[in-house]
Each structure stands twice: as structure tokens, then as C-alpha cells.
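Notes for the one structure printed next.
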Amino acid sequence: MKRILDLITDEVTKAFTECGYDAGYGKVTLSNRPDLCEYQCNGAMAAAKEYKKAPFVIADEVAEKLLGHGMFSMVESVKPGFLNLKIAEEYLAAYVAGMQGDGERFGCEKVQSQKTILIDYGGPNVAKPLHVGHLRSAIIGESIKRIARFIGHNVIGDVHLGDWGLQMGLIITELKERKPGLSYFDEHYEGEYEEEAPFTIGELEEIYPTASAKSKEDEAYKEAAMQATVELQNGRRGYRALLAHILNVSVTDLKANYEKLNVSFDLWKGESDAQPYIPGMVQKMKEDGFAYLSEGALVVDVKEETDTKEIPPCMILKSDGGALYNTTDLATIVWRMQDYKPDKLIYVVDKRQELYFTQVFRCASKTGLVADETELQFLGFGTMNGKDGKPFKTRQGGVMRLEYLVDSVNEEMRKKITENRKAKENLEISEEEAERTARQIALSAIKYGDLSNQASKDYIFDIDRFTSFEGNTGPYILYTIVRIKSILNKYYGLGKKQEGASIEAAHSLSEKNLMLELSRFNAVMWNAFEETAPHKICSYLYELANAFNSFYHETKIMTEEDESIQKSYIRLLELTKGVLETCIDVLGFSAPDRM
Ligand code: ARG
């Protein structure tokens with residue numbers, strides 16, 4: 001369906017041109033004075049200059065033309081030259097009924113020409129547990145993926161594991177100290193390796209920090225780890241086999257953790273997958289004259305004339321010939337282009353890596369790794385802070401494991417749910433359902449708490465605020481959905497039928513406001529997609545939930561005696577539920593049946 005603002009703009013534009021003014025002046029926006037009108041057009045103010053007339057004269061003429069138009073219930077020209085508009089109840093009801101009749105899309109059209117979009121998010125490091133720093137990438141990336149899919153694009157999510165470099169050498173070195181007899185360390189071994197990994201995830205998570213700490217104290221140990229890294233990179237058979245084990249064990253654990261967050265990836269590729277593409281890529285950069293030696297290192301210049309700050313060259317190889325984080329990201333672009341030909345690549349990474357990605361993107365475009373029309377987007381997110389305004393830490397001051405954070409919110413929610421059950425004597429909810437519901441609401445608290453902020457901004461993780469059932473929170477949105485579900489259950493539980501039901505013109509102001517909010521759905525989705533801005537969906541959800549709750553408090557739905565009015569209410573409730581659920585689905589969480 002066409003957006004309601006566009007439909008209104010079309011009519012106002014027609015009026016402008018019929019009065020002899022340029023079509024460009026007819027643009028209508030949502031009112032910034034909802035006390036006076038629902039929509040407004042400020043075109044007469046601008047047209048006044050071009051046509052050398054007082055703005056109110058133009059506004060009057062246009063208002064005159066629109067008078068009596070079935071789309072509006074109010075057209076007012078107000079000094080100095082604004083057009084204030086209210087939409088006709090019948091027109092609005094017909095639009096909203098159109099949404100209702102449009103299945104799962106609720107009037108939001110799919111994109112005409114589908115693009116392939118690859119999103120790089122998550123970025124966990126194998127053998128290291130997920131920490132809160134990975135939470136934002138997962139939450140934001142997942143939502144952007146879902147929004148783009150809803151719009152109709154072909155979207156691929158890649159986790160881009162940190163599975164390369166010294167950390168692997170460290171693990172191998174520590175394993176060798178502990179279990180020197182393993183065949184992986186025997187250079188002459190030519191047989192098959194065990195299928196089972198020689199460690200569990202628990203051991204692996206302990207091995208890495210131990211090794212890392214040792215390497216900082218013991219020069220020889222560090223030397224050994226570096227040597228192991230080089231040997232692994234050169235393809236030593238036993239070490240490759242160990243890498244495969246490390247990956248396997250780690251990925252199984254990571255998948256389970258991401259699943260708890262309702263986050264999933266299409267590709268589980270890692271930095272190691274990019275390594276085979278490095279030699280060819282470097283060779284070509286040299287041949288094409290882009291890469292040159294500077295103080296022993298191989299670099300590509302990426303500064304541009306218009307730069308206001310210094311953008312250093314992009315380093316491709318260190319002076320010892322070793323590859324870097326950059327090299328891996330560039331080589332990753334090589335296989336992504338080769339295998340998936342994406343029209344657009346989006347990187348959801350900590351905003352402190354912005355300069356780094358500027359270098360990588362410029363280097364990729366300049367050296368032709370991507371086509372001119374390939375879009376490279378860096379979506380940098382801010383830091384999640386604690387209540388003290390400093391990066392979120394454990395009580396002991398360490399980095400907080402993601403699992404612990406999620407568990408603590410789950411626990412908080414479980415307490416609330418239990419209290420709620422007691423207060424309502426609603427004890428027919430089983431312990432098991434209460435647990436499940438608590439986890440579901442907790443996830444909405446975490447995700448909404450994050451996504452309702454503009455991604456690039458830092459935010460304070462405030463567990464008390466996020467888990468509240470009131471205010472601009474995930475649980476409040478879920479509560480609203482649950483409220484609608486319960487009314488619908490009651491209604492259908494009475495054996496009522498919805499045959500012949502239609503959405504009637506609003507019977508009250510609060511009902512009209514609800515319809516006005518509903519009618520914005522397609523515009524909000526598109527806008528959130530175009531601006532990669534999930535927070536716009538959160539603001540919409542909050543406004544829609546508020547509009548619904550006002551309507552609910554002012555309207556007797558179940559006791560309405562006029563059958564056709566009641567049916568119309570029920571239709572509206574179903575539509576509201578559908579729109580709310582679609583919005584939370586693209587944010588990456590869902591609502592329980594009761595809470
Ligand atoms: N593994 C990295 C980290 O933990 C994040 C990776 C981000 N993505 C990328 N393509 N560089 O910091």
C-alpha cells in the first residue's frame with residue numbers, strides 16, 4: 001500500500017498545482033502540533049518567496065480547493081501561512097482496513113528490485129567466552145538483518161569469527177605443555193587424528209587466559225606461541241587438526257549462546273577462511289601498482305584530498321611479511337564478493353574501529369576488490385556502560401561474561417513474575433511456564449534496552465529500568481501484546497464470530513489516534529531500513545502501545561452492546577497485535593501468551 005503521507009501529499013500537491021503553484025510545495029508531514037491538527041503542509045511559506053505573495057493568501061487558496069475533499073475532516077489555513085489538516089475518519093478506517101486485509105505485511109510493500117546484503121556482525125573470538133562487548137553487535141546486527149529481510153532483500157548474516165592469530169598459537173602451546181604425548185605434536189605422525197577433541201569447552205576457556213597470562217611473564221613461552229602460530233599458518237598438519245577441534249568445540253558453544261539471544265547466522269566463517277585468499281590478493285595489489293613498500297611494510301595509500309584529518313595508509317603486510325587484522329578483512333571481502341556478489345556489505349562493529357574500517361573500505365574500493373557500485377557501510381555502535389557511566393564491568397571489575405549478564409536479567413525477571421503471580425493469585429501458571437516466560441521477557445528487556453538507543457550512542461545498562469513493566473521498555477510492549485491476546489481469547493472464548501466484520505470509522509478520539517499510529521507502519525519500516533535504524537521501530541512501538549492503551553482504558557470492548565462496533569474493535573485489536581508482533585519480531589524477540 002502507498003504510504004498514507006504520500007497519499008495525502010498527492011492530494012495537497014494537486015491542489016497547489018490547480019492553484020497555479022509548483023508541485024514541489026505540496027509536501028505534507030506529520031503535525032508537530034498534535035493539539036491543533038494531525039498533518040501539516042508548510043509549502044505556502046516557501047512558495048510565497050517564489051510567487052511574491054503573502055503566504056496566507058496562497059494557503060487560503062489551496063485550503064479552498066481542498067474543502068469538501070473526502071480525504072479530510074478539517075482543512076485550515078492559519079496565519080502566517082500554514083495548512084493544518086485532519087484526516088476524515090472514514091478515509092482513515094478504509095486505509096487501516098486495507099492493512100488488515102493485507103495478510104502478514106499489513107500494507108508494507110516489498111522492495112521492487114531485490115539486493116543481496118551481507119551483514120558482518122557478532123565477531124566473537126573462539127576459545128574466549130562471549131562478553132558484553134559482543135552483545136551489541138549481535139543484537140543490532142540481528143535486527144538489521146531481520147528488517148532488511150522484511151523489506152524483501154536477500155540478506156546473509158556472517159558471524160566472522162576471530163579464529164586466527166596469536167591466540168591460536170597460545171592455545172596450542174599450552175596444550176602441548178599439558179599433554180605433550182598427543183599425536184598432534186608429533187611431527188612424524190602420519191595417521192588419522194582422533195575425532196574427539198582433546199579438551200572440553202570448559203578446559204578451552206580456561207586454557208586461553210592461562211596461556212595468555214603465562215606469555216606475558218615468560219619470554220620463552222611467548223616465543224613458542226609465536227612459533228606455533230607461524231607453523232599453524234604454514235599449514236602444519238597436527239596444528240591444523242587442532243585448530244579444527246578448537247573451532248568445533250567453540251562454535252558449538254557459541255551457537256548455543258547465540259540461540260539464547262535469538263540470534264542466528266547463515267555463515268559461520270572466520271578470519272581463518274580468508275587466509276587462502278591473501279597471497280593472490282597481495283600479488284594483484286602489487287602488480288596493479290597500489291601496494292608499495294614503506295619502511296619494510298607493504299602499504300596502500302588511502303588518503304583523499306577532501307580529508308580533514310589524517311588517514312594513514314592501509315598496511316597490508318608487516319615488515320616480517322606477516323598478515324594483519326586488515327589483511328584478513330580485505331581478503332574476506334575477496335571471498336564474499338566471489339561467492340555471494342553482495343550489492344552491499346554492512347559491518348556492525350564497535351565504533352572505535354571506525355578509522356580502521358575507513359582505511360579498509362577505501363583500500364577495497366581503490367584496489368578493485370569491490371565494484372564501484374558496491375556499498376560498504378560501517379555501522380559503529382557505542383559502548384554499553386554501567387550505572388557509573390563507565391564500561392559495563394563485573395562487581396570485581398572484570399569483563400562481564402555475556403552468560404552471566406543474561407542470567408542476572410533472567411533471575412530479576414523470574415522474581416518479578418513470581419511476585420506478579422502471587423499478587424494476582426494467578427497460580428495456574430506452572431513453574432515451567434513462569435521460567436520460560438521470564439526468559440522471554442528478559443530478552444525483550446535486554447534487546448529493547450539496547451535497540452531503543454541510536455546505535456552509535458553509548459548507553460547505560462540499567463537493569464531496573466529495562467525490566468520495568470512501565471515506560472519505554474521491552475516488557476511494557478510485551479505487556480501490551482499480552483493484554484490484546486487476553487481480550488481476543490475472551491472474545492473468541494465466548495464463541496463469537498467475526499463474519500462480516502469491518503473496521504468502522506473511529507467512534508472516539510482515542511480510537512482515531514490508534515488508527516493514525518497504525519497507518520504509519522509501512523513508512524516506519526521503510527525508514528528504519530533505509531537509515532539502518534532499529535531505534536525508529538522502538539519509538540514507533542512505544543507510541544503505538546501508548547495509543548492502544550489509551551484506547552483500551554477509554555473503551556468498553558467486551559461489554560459493547562452494538563455487535564458491529566464490537567466486531568470492528570476486535571478487528572482493530574487484531575491489527576494492532578499483528579503490527580506490534582511484526583515490529584518486535586524484526587527487533588529479534590517475541591511475546592508470551594500471558595505474563
Ligand atoms: N573479533 C573482533 C573483536 O572481538 C570483531 C570483528 C569485527 N568484524 C570485522 N570484520 N573485523 O573485536
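Simple scheme: letters A, B, ... for chains in C-alpha cells order, numbers from 1 for residues in each chain, numbers from 1 for ligands in the order shown.
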Pick out each residue of stretch 207-285 of chain A that DSSP on the backbone tags as alpha helix (DSSP H); I need them as a ChimeraX atom specification. /A:207-217,219-233,237-260,271-274,278-285
Quick one: residues within 9 Å of A:Lys567, only C-alpha atoms counted, chain neighbours fewer than 2 positions away excluded, as number ranges by chain? A: 497-503, 562-565, 569-572
Counting only C-alpha atoms and all ligand atoms, what are the residues, protein, DNA or RNA alike, that approach ligand 1 to within 7 Å? I want them as a PyMOL selection string. chain A and resi 120-121+123-125+160-162+329+347+349
Which value, in Å to one decimal, gives the distance between atom CA of A:Ser456 and atom CA of A:Lys260? 24.6 Å
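The residue that comes closest to A:Leu451, out of A:Val360, A:Ile316, A:Met558, A:Ile140 and on the basis of only C-alpha atoms, is A:Ile140.
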Computed interatomic separation between atom CA of A:Arg352 and atom CA of A:Tyr448 (Å): 22.9 Å
One decimal place gives the atom CA of A:Thr29-atom CA of A:Ile87 separation as 12.6 Å
Could you check which of A:Tyr258, A:Arg421, A:Ala364, A:Ile144 is closest to A:Glu530, using only C-alpha atoms? A:Ile144
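Near A:Glu192, within a cut-off of 12 Å and counting only C-alpha atoms, sit the residues Ser183, Tyr184, Glu196, Arg237, Gly238 and Ala241 of chain A, with same-chain residues fewer than 4 positions away left out.
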From a DSSP pass on the backbone, collect the residues of stretch 237-480 of chain A flagged as strand (DSSP E or B) and hand them back as a PyMOL selection string. chain A and resi 267+270+291-294+297-300+314-317+323+344-350+375-381+384-385+391+393+399+401+459-460
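Ranking A:Thr200, A:Gln227, A:Thr532, A:Gln100 by their shortest atom-to-atom distance to A:Leu170, with only C-alpha atoms included, puts A:Gln227 first.
Here the question is which of A:Gly157, A:Ile333, A:Gly588, A:Leu518 gets nearest to A:Ile278 using only C-alpha atoms, and that residue is A:Ile333.
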Using only C-alpha atoms, determine which residues lie at most 9 Å from A:Ala138, disregarding the query and same-chain residues fewer than 5 positions distant; provide the list as a VMD selection string. chain A and resid 121 to 123 143 159 258 261 263 to 264 348
If we count only C-alpha atoms, what is near A:Ser510 at a cut-off of 8 Å, once residues fewer than 3 positions away on the same chain are taken out, given as a ChimeraX atom specification? /A:513-514,547,550-551,554
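Those residues that approach stretch 472-486 of chain A to within 7 Å, counting only C-alpha atoms, are A:Ile441, A:Ser444, A:Ala445, A:Tyr448, A:Gly449, A:Phe466, A:Thr467, A:Ser468, A:Lys490, A:Tyr542, A:Ala545, A:Leu573, A:Lys577, A:Ala591, A:Pro592, A:Asp593, A:Arg594; same-chain residues fewer than 4 positions away are not listed.
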Using only C-alpha atoms, the shortest atom-to-atom distance to A:Glu412 among A:Ile346, A:Asn42, A:Cys363, A:Arg439 belongs to A:Arg439
Please list as a list in words every residue within 6 Å of A:Phe381, counting only C-alpha atoms and excluding residues in the same chain fewer than 4 positions away. Asp350, Lys351, Ala455 and Ser456 of chain A
Any chance you can output those residues with C-alpha atoms as a PDB file, in the first residue's frame?
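part.pdb written:
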ATOM      1  CA  ASP A 350      32.334  -1.123  17.893  1.00  0.00           C
ATOM      2  CA  LYS A 351      32.588   2.479  16.717  1.00  0.00           C
ATOM      3  CA  ALA A 455      23.221   2.511  17.770  1.00  0.00           C
ATOM      4  CA  SER A 456      26.148   4.922  17.595  1.00  0.00           C
TER       5      SER A 456
END
How close does stretch 134-197 of chain A get to stretch 201-208 of chain A? List, as JSON lines, each residue of stretch 134-197 of chain A within 10 Å, its nearest atom pair and the distance in Å to one decimal, counting only C-alpha atoms.
{"residue": "A:Gln167", "atom": "CA", "partner": "A:Tyr208", "partner_atom": "CA", "distance": 7.3}
{"residue": "A:Met168", "atom": "CA", "partner": "A:Tyr208", "partner_atom": "CA", "distance": 8.7}
{"residue": "A:Gly169", "atom": "CA", "partner": "A:Tyr208", "partner_atom": "CA", "distance": 9.9}
{"residue": "A:Leu170", "atom": "CA", "partner": "A:Tyr208", "partner_atom": "CA", "distance": 6.9}
{"residue": "A:Ile171", "atom": "CA", "partner": "A:Tyr208", "partner_atom": "CA", "distance": 5.6}
{"residue": "A:Ile172", "atom": "CA", "partner": "A:Ile207", "partner_atom": "CA", "distance": 9.4}
{"residue": "A:Thr173", "atom": "CA", "partner": "A:Ile207", "partner_atom": "CA", "distance": 9.8}
{"residue": "A:Glu174", "atom": "CA", "partner": "A:Ile207", "partner_atom": "CA", "distance": 6.8}
{"residue": "A:Leu175", "atom": "CA", "partner": "A:Ile207", "partner_atom": "CA", "distance": 7.7}
{"residue": "A:Arg178", "atom": "CA", "partner": "A:Ile207", "partner_atom": "CA", "distance": 9.9}
{"residue": "A:Ala197", "atom": "CA", "partner": "A:Ile201", "partner_atom": "CA", "distance": 9.6}
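The closest residue to A:Glu109, picked from A:Met525, A:Ala224, A:Val302, A:Ala438 and counting only C-alpha atoms, is A:Met525.
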